Structures are given as structure tokens and as C-alpha cells.
>>> print(open('data26.txt').read())   # compact mmCIF, C-alpha atoms
# COMPACT_ATOMS: atom_id res chain seq x y z
CA MET A 86 73.30 39.42 -24.83
CA ALA A 87 73.92 41.85 -27.66
CA GLY A 88 73.74 44.76 -25.25
CA THR A 89 76.24 43.11 -22.94
CA ILE A 90 78.73 42.56 -25.78
CA GLN A 91 78.25 46.11 -26.93
CA THR A 92 78.88 47.45 -23.44
CA LEU A 93 82.05 45.40 -23.15
CA MET A 94 83.34 46.74 -26.47
CA LEU A 95 82.66 50.36 -25.62
CA ALA A 96 83.90 50.27 -22.04
CA PRO A 97 87.51 51.37 -21.49
CA PRO A 98 89.83 48.61 -20.41
CA SER A 99 90.38 48.32 -16.70
CA PRO A 100 93.87 48.01 -15.27
CA HIS A 101 93.11 44.45 -14.22
CA THR A 102 92.06 43.38 -17.69
CA PRO A 103 94.81 41.45 -19.46
CA ARG A 104 96.10 43.14 -22.66
CA LEU A 105 95.94 41.26 -25.89
CA LEU A 106 99.28 41.02 -27.75
CA PHE A 107 99.11 40.42 -31.48
CA ARG A 108 102.24 38.97 -33.02
CA HIS A 109 100.94 39.39 -36.51
CA TRP A 110 98.83 42.04 -38.05
CA ALA A 111 95.21 41.20 -38.65
CA PRO A 112 92.49 43.35 -40.13
CA SER A 113 90.31 45.05 -37.47
CA PRO A 114 86.66 44.08 -37.35
CA PRO A 115 84.17 46.56 -38.70
CA ALA A 116 83.18 49.22 -36.22
CA VAL A 117 79.74 48.79 -34.61
CA ARG A 118 77.79 51.94 -34.25
CA PRO A 119 76.35 52.15 -30.73
CA ARG A 120 72.71 52.88 -30.24
CA SER A 121 73.42 55.09 -27.26
CA CYS A 122 75.25 57.69 -29.32
CA SER A 123 73.15 60.68 -29.80
CA ASN A 124 75.14 61.98 -32.79
CA PRO A 125 73.70 60.38 -35.90
CA SER A 126 76.70 61.31 -38.04
CA LEU A 127 79.23 58.81 -39.21
CA SER A 128 82.05 60.22 -37.06
CA PHE A 129 82.30 59.22 -33.40
CA ASN A 130 82.75 61.69 -30.62
CA HIS A 131 85.30 61.22 -27.85
CA SER A 132 83.00 59.32 -25.53
CA CYS A 133 81.97 56.90 -28.28
CA SER A 134 85.43 56.09 -29.63
CA VAL A 135 86.62 52.51 -29.57
CA ARG A 136 90.08 51.91 -28.13
CA VAL A 137 91.68 48.58 -28.80
CA PRO A 138 95.31 48.56 -27.70
CA THR A 139 97.35 46.63 -30.19
CA ILE A 140 101.08 45.91 -30.02
CA ILE A 141 102.62 44.86 -33.32
CA ARG A 142 106.03 43.32 -33.40
CA ALA A 143 108.12 43.86 -36.52
CA CYS A 144 109.70 40.68 -37.73
CA LYS A 145 113.22 40.82 -39.21
CA SER A 146 113.86 39.01 -42.39
CA SER A 147 116.54 36.40 -42.24
CA ASN A 148 118.83 38.21 -44.69
CA GLN A 149 118.53 41.72 -43.25
CA ASP A 150 121.85 41.65 -41.45
CA GLY A 151 123.59 40.48 -44.53
CA GLY A 152 121.91 43.21 -46.56
CA ASN A 153 123.08 45.86 -44.14
CA GLY A 154 126.61 44.52 -44.41
CA SER A 155 126.59 44.58 -48.20
CA GLU A 156 125.16 48.09 -48.21
CA ALA A 157 127.90 49.22 -45.83
CA ALA A 158 130.52 47.66 -48.07
CA ARG A 159 129.08 49.39 -51.14
CA SER A 160 129.00 52.75 -49.37
CA SER A 161 132.62 52.24 -48.27
CA ASP A 162 133.67 51.48 -51.86
CA SER A 163 131.85 54.55 -53.18
CA ALA A 164 133.50 56.69 -50.51
CA LYS A 165 136.90 55.39 -51.59
CA GLU A 166 136.11 56.14 -55.24
CA ALA A 167 134.99 59.64 -54.31
CA GLY A 168 138.18 60.08 -52.28
CA TRP A 169 140.28 59.17 -55.33
CA GLY A 170 138.13 61.05 -57.81
CA LYS A 171 138.21 64.46 -56.14
CA PRO A 172 142.01 64.91 -56.17
CA LEU A 173 142.11 63.64 -59.76
CA LEU A 174 139.50 66.17 -60.90
CA SER A 175 141.32 68.88 -58.98
CA PHE A 176 144.60 67.97 -60.70
CA VAL A 177 142.98 68.01 -64.15
CA GLY A 178 141.32 71.36 -63.42
CA ASN A 179 144.55 72.94 -62.20
CA ASN A 180 146.61 71.61 -65.11
CA PHE A 181 143.99 71.64 -67.85
CA LEU A 182 146.00 73.49 -70.51
CA PRO A 183 149.28 71.50 -70.32
CA LEU A 184 147.30 68.24 -70.19
CA ALA A 185 145.31 69.29 -73.26
CA LEU A 186 148.49 70.21 -75.15
CA MET A 187 150.23 66.96 -74.21
CA GLY A 188 147.10 65.07 -75.19
CA GLY A 189 147.25 66.68 -78.63
CA VAL A 190 150.92 65.66 -79.03
CA VAL A 191 150.24 62.06 -77.96
CA LEU A 192 147.21 61.80 -80.24
CA GLY A 193 149.20 63.14 -83.19
CA LEU A 194 151.96 60.58 -82.62
CA ALA A 195 149.56 57.68 -82.07
CA ASN A 196 147.17 58.32 -84.96
CA PRO A 197 148.37 61.00 -87.42
CA SER A 198 145.66 60.27 -89.99
CA LEU A 199 143.02 62.25 -88.06
CA GLY A 200 145.38 65.21 -87.66
CA CYS A 201 146.27 65.16 -91.36
CA LEU A 202 142.57 65.09 -92.20
CA ALA A 203 142.00 68.08 -89.90
CA ASP A 204 144.87 69.90 -91.58
CA ARG A 205 143.41 69.20 -95.00
CA TYR A 206 140.18 70.94 -93.97
CA LYS A 207 142.05 73.90 -92.37
CA LEU A 208 140.88 73.12 -88.84
CA SER A 209 143.81 75.07 -87.36
CA LYS A 210 142.53 78.27 -88.99
CA PHE A 211 139.09 77.57 -87.59
CA SER A 212 140.52 77.13 -84.09
CA THR A 213 142.42 80.44 -84.34
CA PHE A 214 139.27 82.15 -85.65
CA ALA A 215 137.23 80.74 -82.75
CA ILE A 216 139.85 81.76 -80.15
CA PHE A 217 139.71 85.37 -81.34
CA ILE A 218 135.90 85.29 -81.40
CA ILE A 219 136.04 84.29 -77.72
CA SER A 220 138.65 86.99 -77.09
CA GLY A 221 136.32 89.60 -78.57
CA MET A 222 133.36 88.37 -76.52
CA THR A 223 135.37 88.52 -73.29
CA LEU A 224 136.83 91.95 -74.10
CA ARG A 225 135.25 94.50 -71.76
CA ASN A 226 135.34 98.25 -72.30
CA GLY A 227 137.34 98.63 -69.11
CA ASP A 228 139.95 96.25 -70.54
CA ILE A 229 140.35 98.47 -73.58
CA GLY A 230 140.91 101.44 -71.29
CA ALA A 231 143.50 99.47 -69.33
CA ALA A 232 145.29 98.57 -72.57
CA ALA A 233 145.31 102.23 -73.62
CA GLU A 234 146.84 103.20 -70.28
CA ALA A 235 149.51 100.51 -70.73
CA TRP A 236 150.62 101.73 -74.18
CA PRO A 237 154.29 102.03 -73.09
CA VAL A 238 154.26 98.30 -72.26
CA GLY A 239 152.72 97.60 -75.67
CA VAL A 240 155.43 99.59 -77.43
CA LEU A 241 158.10 97.71 -75.48
CA GLY A 242 156.44 94.45 -76.51
CA LEU A 243 156.46 95.37 -80.20
CA PHE A 244 160.15 96.29 -80.06
CA SER A 245 160.95 93.06 -78.23
CA ILE A 246 159.03 90.90 -80.72
CA LEU A 247 160.15 92.55 -83.96
CA VAL A 248 163.53 94.13 -83.18
CA PHE A 249 165.27 92.72 -80.09
CA THR A 250 164.52 88.98 -80.09
CA PRO A 251 165.38 88.44 -83.80
CA CYS A 252 168.96 89.40 -82.86
CA PHE A 253 169.32 86.01 -81.15
CA SER A 254 169.20 84.41 -84.61
CA ARG A 255 172.79 85.51 -85.20
CA ALA A 256 173.94 83.43 -82.22
CA ILE A 257 171.86 80.41 -83.28
CA VAL A 258 173.41 80.18 -86.77
CA GLN A 259 176.85 79.74 -85.17
CA ILE A 260 175.82 76.29 -83.90
CA HIS A 261 176.96 73.31 -85.99
CA LEU A 262 174.48 70.45 -86.10
CA GLN A 263 173.56 67.83 -88.67
CA PRO A 264 171.24 68.27 -90.41
CA GLN A 265 172.05 71.99 -90.65
CA GLU A 266 168.40 72.71 -91.53
CA PHE A 267 167.57 72.32 -87.85
CA VAL A 268 169.80 75.27 -86.98
CA SER A 269 168.56 77.39 -89.89
CA GLY A 270 164.95 76.63 -89.05
CA LEU A 271 165.34 77.73 -85.42
CA ALA A 272 167.15 80.90 -86.54
CA ILE A 273 164.28 81.75 -88.90
CA PHE A 274 161.79 80.88 -86.16
CA CYS A 275 163.42 83.48 -83.92
CA CYS A 276 162.65 86.19 -86.52
CA MET A 277 158.90 85.51 -86.47
CA PRO A 278 156.23 87.66 -84.76
CA THR A 279 154.37 86.38 -81.70
CA THR A 280 151.94 83.47 -81.68
CA LEU A 281 148.51 84.10 -83.16
CA SER A 282 146.49 82.59 -80.32
CA SER A 283 148.64 80.97 -77.60
CA GLY A 284 149.82 84.19 -75.95
CA VAL A 285 146.31 85.64 -75.79
CA ALA A 286 144.79 82.42 -74.43
CA LEU A 287 147.49 82.05 -71.77
CA THR A 288 147.15 85.71 -70.76
CA GLN A 289 143.42 85.23 -70.26
CA LEU A 290 144.04 82.11 -68.15
CA ALA A 291 146.60 83.94 -66.03
CA GLY A 292 144.30 86.91 -65.41
CA GLY A 293 146.60 89.31 -67.24
CA ASN A 294 145.77 92.33 -69.38
CA SER A 295 144.12 90.44 -72.22
CA ALA A 296 143.34 93.60 -74.20
CA LEU A 297 147.04 94.52 -74.16
CA ALA A 298 147.91 90.97 -75.27
CA LEU A 299 145.42 91.24 -78.13
CA ALA A 300 146.81 94.59 -79.23
CA MET A 301 150.42 93.35 -79.23
CA THR A 302 149.41 90.18 -81.10
CA VAL A 303 147.45 91.88 -83.87
CA ILE A 304 149.86 94.79 -84.42
CA SER A 305 153.02 92.67 -84.29
CA SER A 306 151.52 90.14 -86.71
CA LEU A 307 150.62 92.83 -89.23
CA LEU A 308 153.94 94.68 -88.89
CA GLY A 309 155.79 91.38 -88.94
CA ILE A 310 154.84 90.90 -92.58
CA LEU A 311 157.11 93.85 -93.35
CA MET A 312 159.81 93.12 -90.76
CA VAL A 313 160.33 89.37 -91.25
CA PRO A 314 162.10 89.57 -94.67
CA PHE A 315 164.45 92.23 -93.34
CA SER A 316 165.27 90.22 -90.19
CA ILE A 317 165.93 86.97 -92.10
CA ALA A 318 168.12 88.70 -94.67
CA LYS A 319 170.14 90.49 -91.97
CA TYR A 320 170.59 87.81 -89.31
CA VAL A 321 170.17 84.43 -91.04
CA ALA A 322 171.03 84.69 -94.73
CA THR A 323 173.34 87.57 -95.51
CA GLY A 324 173.32 88.06 -99.27
CA VAL A 325 170.51 85.56 -99.88
CA GLY A 326 167.40 87.06 -101.41
CA VAL A 327 164.31 86.27 -99.34
CA THR A 328 160.80 86.93 -100.57
CA VAL A 329 157.69 86.78 -98.41
CA PRO A 330 154.12 86.48 -99.74
CA THR A 331 153.07 89.83 -98.30
CA LYS A 332 149.56 90.02 -99.75
CA GLU A 333 148.64 86.45 -98.88
CA LEU A 334 149.94 86.73 -95.33
CA PHE A 335 148.25 90.07 -94.76
CA ARG A 336 144.92 88.75 -96.01
CA SER A 337 145.22 85.60 -93.90
CA LEU A 338 146.04 87.55 -90.72
CA VAL A 339 143.17 89.96 -91.23
CA THR A 340 140.66 87.14 -91.73
CA THR A 341 141.90 84.97 -88.84
CA LEU A 342 142.78 87.67 -86.27
CA LEU A 343 141.24 91.06 -86.85
CA ILE A 344 137.80 90.15 -88.23
CA PRO A 345 136.91 87.52 -85.56
CA LEU A 346 138.11 89.86 -82.82
CA ILE A 347 135.82 92.63 -84.08
CA LEU A 348 132.93 90.19 -84.54
CA GLY A 349 133.27 88.91 -80.99
CA LYS A 350 133.22 92.45 -79.63
CA ILE A 351 130.15 93.31 -81.74
CA PHE A 352 128.34 90.21 -80.39
CA ARG A 353 129.15 91.27 -76.84
CA GLU A 354 127.89 94.81 -77.26
CA SER A 355 124.79 93.80 -79.25
CA PHE A 356 123.42 91.23 -76.79
CA LYS A 357 123.43 92.25 -73.13
CA GLY A 358 122.52 88.77 -71.98
CA LEU A 359 125.51 87.34 -73.85
CA ALA A 360 127.88 89.76 -72.12
CA ASP A 361 126.54 88.78 -68.69
CA PHE A 362 126.76 85.08 -69.54
CA VAL A 363 130.37 85.39 -70.74
CA ASP A 364 131.40 87.38 -67.65
CA GLN A 365 129.83 84.79 -65.34
CA ASN A 366 131.48 81.88 -67.17
CA ARG A 367 134.96 83.17 -67.95
CA ARG A 368 136.53 79.97 -66.65
CA LEU A 369 134.42 77.93 -69.05
CA PHE A 370 135.45 80.07 -72.03
CA SER A 371 139.09 79.82 -70.95
CA ARG A 372 138.76 76.02 -71.02
CA ILE A 373 137.21 76.20 -74.50
CA SER A 374 140.14 78.35 -75.67
CA ALA A 375 142.55 75.79 -74.20
CA VAL A 376 140.87 72.95 -76.10
CA LEU A 377 140.99 74.96 -79.34
CA LEU A 378 144.63 75.76 -78.69
CA SER A 379 145.45 72.05 -78.26
CA LEU A 380 144.38 71.48 -81.88
CA VAL A 381 147.55 73.28 -83.05
CA PRO A 382 150.10 70.77 -81.65
CA TRP A 383 147.84 67.88 -82.61
CA ILE A 384 147.77 68.95 -86.27
CA GLN A 385 151.45 69.95 -86.43
CA VAL A 386 152.68 66.69 -84.87
CA SER A 387 150.41 64.67 -87.16
CA ARG A 388 151.85 66.43 -90.22
CA SER A 389 155.47 66.02 -89.11
CA ARG A 390 155.33 62.46 -87.75
CA SER A 391 156.84 60.84 -90.85
CA LEU A 392 159.76 63.29 -90.83
CA LEU A 393 160.21 62.79 -87.11
CA LEU A 394 160.64 59.05 -87.58
CA MET A 395 163.33 59.64 -90.23
CA VAL A 396 165.54 61.74 -87.94
CA LYS A 397 167.88 60.18 -85.40
CA PRO A 398 166.36 60.52 -81.91
CA ALA A 399 169.55 61.98 -80.45
CA VAL A 400 169.67 64.74 -83.07
CA PHE A 401 166.02 65.58 -82.61
CA LEU A 402 166.44 65.73 -78.83
CA VAL A 403 169.28 68.19 -79.34
CA ALA A 404 166.98 70.34 -81.47
CA VAL A 405 164.28 70.15 -78.81
CA GLY A 406 166.83 71.17 -76.19
CA MET A 407 167.81 74.14 -78.36
CA GLY A 408 164.15 75.15 -78.53
CA ILE A 409 163.83 74.93 -74.73
CA ILE A 410 166.96 77.03 -74.22
CA LEU A 411 165.78 79.58 -76.78
CA HIS A 412 162.45 80.08 -75.05
CA LEU A 413 164.00 80.28 -71.59
CA VAL A 414 166.45 82.91 -72.90
CA LEU A 415 163.59 84.95 -74.37
CA LEU A 416 161.66 84.73 -71.09
CA ALA A 417 164.70 85.84 -69.11
CA PHE A 418 165.47 88.68 -71.53
CA ASN A 419 161.90 90.03 -71.42
CA ALA A 420 161.67 89.65 -67.63
CA ILE A 421 164.89 91.62 -67.16
CA SER A 422 163.72 94.27 -69.64
CA ILE A 423 160.37 95.00 -68.00
CA ASN A 424 161.77 94.86 -64.46
CA SER A 425 164.55 97.27 -65.40
CA LEU A 426 162.12 99.73 -66.96
CA ALA A 427 159.80 99.40 -63.94
CA ALA A 428 162.68 100.31 -61.62
CA LEU A 429 163.70 103.28 -63.80
CA SER A 430 160.20 104.69 -64.25
CA GLY A 431 158.79 104.92 -60.74
CA GLY A 432 158.99 101.48 -59.13
CA ASP A 433 155.68 100.13 -57.85
CA HIS A 434 153.75 103.08 -59.31
CA SER A 435 155.04 102.47 -62.83
CA VAL A 436 152.83 101.05 -65.55
CA PHE A 437 155.55 98.45 -66.15
CA SER A 438 155.25 97.11 -62.60
CA LYS A 439 151.54 96.28 -62.77
CA LYS A 440 151.14 92.54 -62.59
CA GLU A 441 148.50 92.34 -65.34
CA ASN A 442 150.66 94.31 -67.80
CA ALA A 443 153.84 92.39 -66.95
CA THR A 444 152.03 89.06 -67.41
CA ALA A 445 150.74 90.01 -70.86
CA PHE A 446 154.13 91.36 -71.94
CA LEU A 447 156.12 88.36 -70.70
CA LEU A 448 153.84 85.75 -72.32
CA VAL A 449 153.23 87.47 -75.66
CA ALA A 450 156.72 88.89 -76.27
CA SER A 451 158.48 85.57 -75.49
CA GLN A 452 156.60 83.40 -78.00
CA LYS A 453 157.07 82.92 -81.74
CA THR A 454 154.46 81.88 -84.28
CA LEU A 455 154.59 78.70 -86.34
CA PRO A 456 151.96 79.29 -89.11
CA VAL A 457 153.75 82.41 -90.39
CA LEU A 458 157.05 80.49 -90.42
CA VAL A 459 155.48 77.70 -92.48
CA ALA A 460 154.21 80.25 -95.01
CA VAL A 461 157.64 81.89 -95.19
CA VAL A 462 159.52 78.58 -95.58
CA GLU A 463 157.24 77.55 -98.44
CA GLN A 464 158.29 80.70 -100.32
CA LEU A 465 162.04 80.22 -99.79
CA GLY A 466 162.29 77.68 -102.60
CA GLY A 467 164.90 75.48 -100.89
CA ALA A 468 167.35 78.36 -100.28
CA PHE A 469 168.06 77.01 -96.77
CA GLY A 470 167.59 73.30 -97.44
CA GLU A 471 164.72 70.83 -97.19
CA SER A 472 161.60 72.67 -96.05
CA GLY A 473 160.35 69.77 -93.94
CA LEU A 474 163.59 69.65 -91.95
CA LEU A 475 163.45 73.43 -91.50
CA VAL A 476 159.96 73.23 -90.02
CA LEU A 477 160.42 70.15 -87.80
CA PRO A 478 162.54 71.74 -85.00
CA CYS A 479 160.26 74.76 -85.07
CA VAL A 480 157.27 72.52 -84.42
CA ALA A 481 159.08 71.16 -81.36
CA ALA A 482 160.06 74.68 -80.23
CA HIS A 483 156.49 75.87 -80.71
CA LEU A 484 155.11 73.04 -78.56
CA VAL A 485 157.81 73.50 -75.94
CA GLN A 486 157.13 77.22 -75.51
CA ILE A 487 153.41 76.66 -75.05
CA ILE A 488 153.93 73.85 -72.53
CA ILE A 489 156.53 75.83 -70.55
CA ASP A 490 154.30 78.90 -70.44
CA SER A 491 151.25 76.87 -69.45
CA VAL A 492 153.18 75.38 -66.52
CA LEU A 493 154.32 78.90 -65.63
CA VAL A 494 150.73 80.18 -65.72
CA ASN A 495 149.54 77.30 -63.52
CA GLY A 496 152.26 78.17 -61.01
CA TRP A 497 151.09 81.79 -60.92
CA LEU A 498 147.48 80.72 -60.43
CA ARG A 499 148.38 78.40 -57.55
CA LYS A 500 150.45 81.13 -55.95
CA ASP A 501 147.51 83.54 -56.16
CA ALA A 502 145.09 80.93 -54.82
CA ALA A 503 147.27 79.99 -51.85
CA PRO A 504 146.37 83.05 -49.66
CA LYS A 505 142.65 82.53 -50.34
CA THR A 506 142.92 78.88 -49.31
CA ALA A 507 144.83 79.82 -46.15
CA ARG A 508 141.98 82.10 -45.05
>>> encode(input="data26.txt", output="C-alpha cells")
Amino acid sequence: MAGTIQTLMLAPPSPHTPRLLFRHWAPSPPAVRPRSCSNPSLSFNHSCSVRVPTIIRACKSSNQDGGNGSEAARSSDSAKEAGWGKPLLSFVGNNFLPLALMGGVVLGLANPSLGCLADRYKLSKFSTFAIFIISGMTLRNGDIGAAAEAWPVGVLGLFSILVFTPCFSRAIVQIHLQPQEFVSGLAIFCCMPTTLSSGVALTQLAGGNSALALAMTVISSLLGILMVPFSIAKYVATGVGVTVPTKELFRSLVTTLLIPLILGKIFRESFKGLADFVDQNRRLFSRISAVLLSLVPWIQVSRSRSLLLMVKPAVFLVAVGMGIILHLVLLAFNAISINSLAALSGGDHSVFSKKENATAFLLVASQKTLPVLVAVVEQLGGAFGESGLLVLPCVAAHLVQIIIDSVLVNGWLRKDAAPKTAR
């Protein structure tokens, strides 16, 4: 009997033998080792293998269809969120600088206490120091050579910043507006050198000649200490004695501009890995510079919020409009100047017609600095009126020029990216 059972188990199923269908899984019985196998090992050879055909049906759970529906709904919702999120991130990336600047203005108006605390601890000087550290780290030797080749553009920029654009102060003082400090403040603002950090940061974002922008910024700021008293006395206050804290300003500019720029360049040349990292992540460092730059309007708006609330909105809007017009006039004047010189000196082959040089010149030569103006106004001793009212329209003009130029830079970047996208 045992032999018969064993033979039945080992024999292959005949086509006439009905197949057993198992609806549910059950553990297989332990294998019986046949006596007829000559191989004493534990593994069976082909002739001794046991074949038991088993068909297992998978049973669906009652809530599987519902689960698939909910999973499809969740995936649809996530796809919609991704569809909305990608354009939003693209918009923020393309307009990072103006959004950061506007965020600083809104934060200063909403909660000025944090900005005043940052001003008390000189955070604006730290941000300028950090921007020029980054500028030094991103400054390549080839950029220095390009700036040396573009020295005629640099000379034109210095003349525009220190000699030509202060002449517009004479036209500004002819405007009658109450309070008159608004007009006097904008006229003094027009006599200032270029911005300490905004022009350089925007030039880097636009892909311009950053070394040329750095050279014009540092030299015009240092020479401006000597030129500003002369310009104010000639164009704004004829016969009024104006004194400028020359030593203090010179020391401040050296510590916040020149020293960090040299330190950044030393770091770059001392550590090869750092230079490679900076070159591979220039977009990241440009974003960091933009964030540091946004600290300036945040702090200035926080400081001036109380004065802003005291002034009639209509009068302040007029002052803001004057600041917008002033900056647009300076942009137009500098654009006409460099295009005229490019046409007179060889056209497309001229150093003035190179896009990188023209970008640096237009951005740096069309901006005016606010920190130097604040230092000058503090030394005037009320000769032109209330110092707070003198500074307030200049704060607005300073913010306006940075926002306008950031929008301009974004337009240039989109224009440059359009052919690449079309390909």
C-alpha cells in the first residue's frame, strides 16, 4: 500500500487526471524521499522531482477599489499642487532681487522695531562688508584684465558720477515744494558718489563687468569725499559753508569697501577649492548678495517710519515721483553718453560698445549712495533744515533706484535667456 501511494505521488499527472484547484493557500505536505532514488543527497534530481500543479486565486479585498480611487484623487491633487508650484518658484527665481527689496520695505513698515534694532548694531555695515567679501571671492584674474582694458569706460564713469550728474542738482533746487527740505535733500543726494553695494551686486546679477563696477565704486567713493563738499557748495548752497567729516568717511569707506574686497580676493587665491566652489555656484552667491542688499531698505524704512507717518501722503508721493524721475534722467543721460562715445570711437569694435562694460557703467554711474548722504547731513548742523526731512525723500529715491534697476536687470536676463529657450 505504501509503495502504491509513493508511486502515485511520484508519477507525472496524466492528461486524463483531473487537476486540483486550490482556492486558498495551504501549506504543502513534507516531501517524502523515495527509496528508488539512487542519489543519497538531500537534493532531488530531475527524475525524482515532485510536481504538484497548484492554481492560487488572489482574492480582492472589499475596499480595494475605493483605495485605488482615493490614491488617484491624492495623486491628482499633488499634480495640481506641483503644477501651481513650478511657475511660482520660477517667478520667484526670475524676480528674486526686486521681491527681496520689496520684502524689506514691507517688513520695515510692518514692524520697524526689528529694523531699528538691526541699525543699532550696525547690521547695514556688516551687509556691505559681506557683499564686498563675496565680490572679492568672485573676482577672477581675467575679470581684472577686462577691467584694465575697459579703463576708458571707468574714467567716463568717474566723470559721470562726480562731475556730470551733480549738475542736475541746480535744476532740482528750482522746484518749490513744502516742506522745502524734500527738495534740498534730493539736490544733495544728486551730489553723492555711487552706491556702496547695489551697483556691484546688480552688475554681477546682470553678467556685466563686475571688476569694472568694483573699480568705479571704490575710486568714486574715495574721491567723493573730496568732491562732495565742492559740489554741494556750488550747486545747492551758494555761499553756505559746508563741512564734511573727511577722516571719518575715509576710514569708514576703507573698512567697509576696500579691506573686505582685498580679503575676499586673498581667500580666493589662497584656497583653490574655494575658487572652484564659488565659480560653480555663482548664482547662489548672487542670491546671497541680493539678500544682504535687501537689508539696506529694511533698515532705512524702519528708521524713517515715524517721519513717514508725519508727512502728508500726497507730498511724500510727489517726493517719490521726483526720485523716480531723477533716476530715469540719470539712466537716460548715461545711456546717451556711452552710446555716443561708442559711435565716435569705432562702433561695434569700441570698448564702449561691449555689453559687459556698458552694463557696469549704466548701473553704477546712475545710482547715488545713501549712507554717505546721511553722514554728510549729520554734519550740516541744520543749515538746510530738519535733518530727518532731508533724509526721508532720499531714502525713497534710494529704494526706487534699486527697484528700477533690478527690474531692468531681470529684463536683460530674460532677453538673454529667450534665444536659449527657443533652441
>>> residues_near_point(input="data26.txt", point="(147.3, 85.6, -68.6)", cutoff="9 Å", atoms="only C-alpha atoms", output="short mmCIF file (atom, residue, chain, number, x, y, z; two decimals) with C-alpha atoms, in the frame of the given file")
data_model
loop_
_atom_site.label_atom_id
_atom_site.label_comp_id
_atom_site.auth_asym_id
_atom_site.auth_seq_id
_atom_site.Cartn_x
_atom_site.Cartn_y
_atom_site.Cartn_z
CA GLY A 284 149.82 84.19 -75.95
CA VAL A 285 146.31 85.64 -75.79
CA ALA A 286 144.79 82.42 -74.43
CA LEU A 287 147.49 82.05 -71.77
CA THR A 288 147.15 85.71 -70.76
CA GLN A 289 143.42 85.23 -70.26
CA LEU A 290 144.04 82.11 -68.15
CA ALA A 291 146.60 83.94 -66.03
CA GLY A 292 144.30 86.91 -65.41
CA GLY A 293 146.60 89.31 -67.24
CA ASN A 294 145.77 92.33 -69.38
CA SER A 295 144.12 90.44 -72.22
CA ALA A 298 147.91 90.97 -75.27
CA GLU A 441 148.50 92.34 -65.34
CA THR A 444 152.03 89.06 -67.41
CA ALA A 445 150.74 90.01 -70.86
CA LEU A 448 153.84 85.75 -72.32
CA VAL A 494 150.73 80.18 -65.72
#
>>> residues_around(input="data26.txt", residues="A:Leu192", least_positions_apart="3", cutoff="12 Å", atoms="all atoms listed in the file", output="list in words")
Leu184, Ala185, Leu186, Met187, Gly188, Gly189, Ala195, Asn196, Pro197, Ser198, Leu199, Gly200, Cys201, Ser379, Leu380, Val381, Pro382, Trp383, Ile384, Gln385, Val386, Ser387, Arg388 and Arg390 of chain A
>>> closest_residue(input="data26.txt", among="A:Ser438, A:Gln265, A:Ser422, A:Ser472", to="A:Leu392", atoms="all atoms listed in the file")
A:Ser472
>>> atom_distance(input="data26.txt", atom1="atom CA of A:Ala360", atom2="atom CA of A:Trp497")
27.0 Å
>>> residues_around(input="data26.txt", residues="A:Phe267", least_positions_apart="2", cutoff="7 Å", atoms="only C-alpha atoms", output="ChimeraX atom specification")
/A:264-265,269-271,404,474-475,478
>>> closest_residue(input="data26.txt", among="A:Leu342, A:Ile229, A:Val400, A:Met222", to="A:Ser355", atoms="all atoms listed in the file")
A:Met222
>>> closest_atom_pairs(input="data26.txt", of="stretch 371-408 of chain A", to="stretch 276-283 of chain A", cutoff="9 Å", atoms="only C-alpha atoms", output="tab-separated table")
residue	atom	partner	partner_atom	distance
A:Ser374	CA	A:Ser282	CA	8.9
A:Ala375	CA	A:Ser283	CA	8.7
A:Leu378	CA	A:Ser283	CA	6.7
>>> residues_around(input="data26.txt", residues="A:Leu402", least_positions_apart="6", cutoff="12 Å", atoms="only C-alpha atoms", output="list in words")
Leu262, Phe267, Leu393, Val396, Gly408, Ile409, Leu477, Pro478, Ala481, Ala482 and Val485 of chain A
>>> atom_distance(input="data26.txt", atom1="atom CA of A:Gln452", atom2="atom CA of A:Ile410")
12.7 Å
>>> atom_distance(input="data26.txt", atom1="atom CA of A:Leu447", atom2="atom CA of A:Gly230")
20.1 Å
>>> decode(input="data26.txt", residues="stretch 292-306 of chain A", atoms="N, CA and C atoms", output="JSON list (two decimals), in the first residue's frame")
[["chain", "number", "residue", "atom", "x", "y", "z"],
["A", 292, "GLY", "N", 25.49, 89.89, -15.22],
["A", 292, "GLY", "CA", 26.58, 89.33, -16.01],
["A", 292, "GLY", "C", 27.47, 90.39, -16.63],
["A", 293, "GLY", "N", 27.51, 91.58, -16.01],
["A", 293, "GLY", "CA", 28.35, 92.65, -16.52],
["A", 293, "GLY", "C", 29.78, 92.53, -16.04],
["A", 294, "ASN", "N", 30.58, 93.55, -16.34],
["A", 294, "ASN", "CA", 31.98, 93.58, -15.95],
["A", 294, "ASN", "C", 32.05, 93.98, -14.47],
["A", 295, "SER", "N", 32.01, 92.98, -13.61],
["A", 295, "SER", "CA", 31.95, 93.25, -12.17],
["A", 295, "SER", "C", 33.23, 93.90, -11.65],
["A", 296, "ALA", "N", 34.38, 93.56, -12.25],
["A", 296, "ALA", "CA", 35.63, 94.18, -11.82],
["A", 296, "ALA", "C", 35.62, 95.67, -12.13],
["A", 297, "LEU", "N", 35.09, 96.05, -13.28],
["A", 297, "LEU", "CA", 34.96, 97.46, -13.63],
["A", 297, "LEU", "C", 34.00, 98.17, -12.67],
["A", 298, "ALA", "N", 32.90, 97.49, -12.33],
["A", 298, "ALA", "CA", 31.95, 98.07, -11.37],
["A", 298, "ALA", "C", 32.60, 98.27, -10.01],
["A", 299, "LEU", "N", 33.39, 97.31, -9.58],
["A", 299, "LEU", "CA", 34.11, 97.44, -8.30],
["A", 299, "LEU", "C", 35.08, 98.61, -8.34],
["A", 300, "ALA", "N", 35.83, 98.72, -9.43],
["A", 300, "ALA", "CA", 36.81, 99.81, -9.53],
["A", 300, "ALA", "C", 36.12, 101.17, -9.50],
["A", 301, "MET", "N", 35.04, 101.34, -10.25],
["A", 301, "MET", "CA", 34.34, 102.62, -10.25],
["A", 301, "MET", "C", 33.74, 102.93, -8.87],
["A", 302, "THR", "N", 33.24, 101.89, -8.19],
["A", 302, "THR", "CA", 32.63, 102.10, -6.87],
["A", 302, "THR", "C", 33.66, 102.55, -5.85],
["A", 303, "VAL", "N", 34.77, 101.83, -5.77],
["A", 303, "VAL", "CA", 35.78, 102.14, -4.76],
["A", 303, "VAL", "C", 36.42, 103.51, -5.03],
["A", 304, "ILE", "N", 36.82, 103.76, -6.27],
["A", 304, "ILE", "CA", 37.52, 105.01, -6.58],
["A", 304, "ILE", "C", 36.58, 106.21, -6.43],
["A", 305, "SER", "N", 35.35, 106.08, -6.93],
["A", 305, "SER", "CA", 34.43, 107.22, -6.82],
["A", 305, "SER", "C", 34.05, 107.50, -5.37],
["A", 306, "SER", "N", 33.97, 106.46, -4.55],
["A", 306, "SER", "CA", 33.65, 106.67, -3.14],
["A", 306, "SER", "C", 34.78, 107.39, -2.41]]
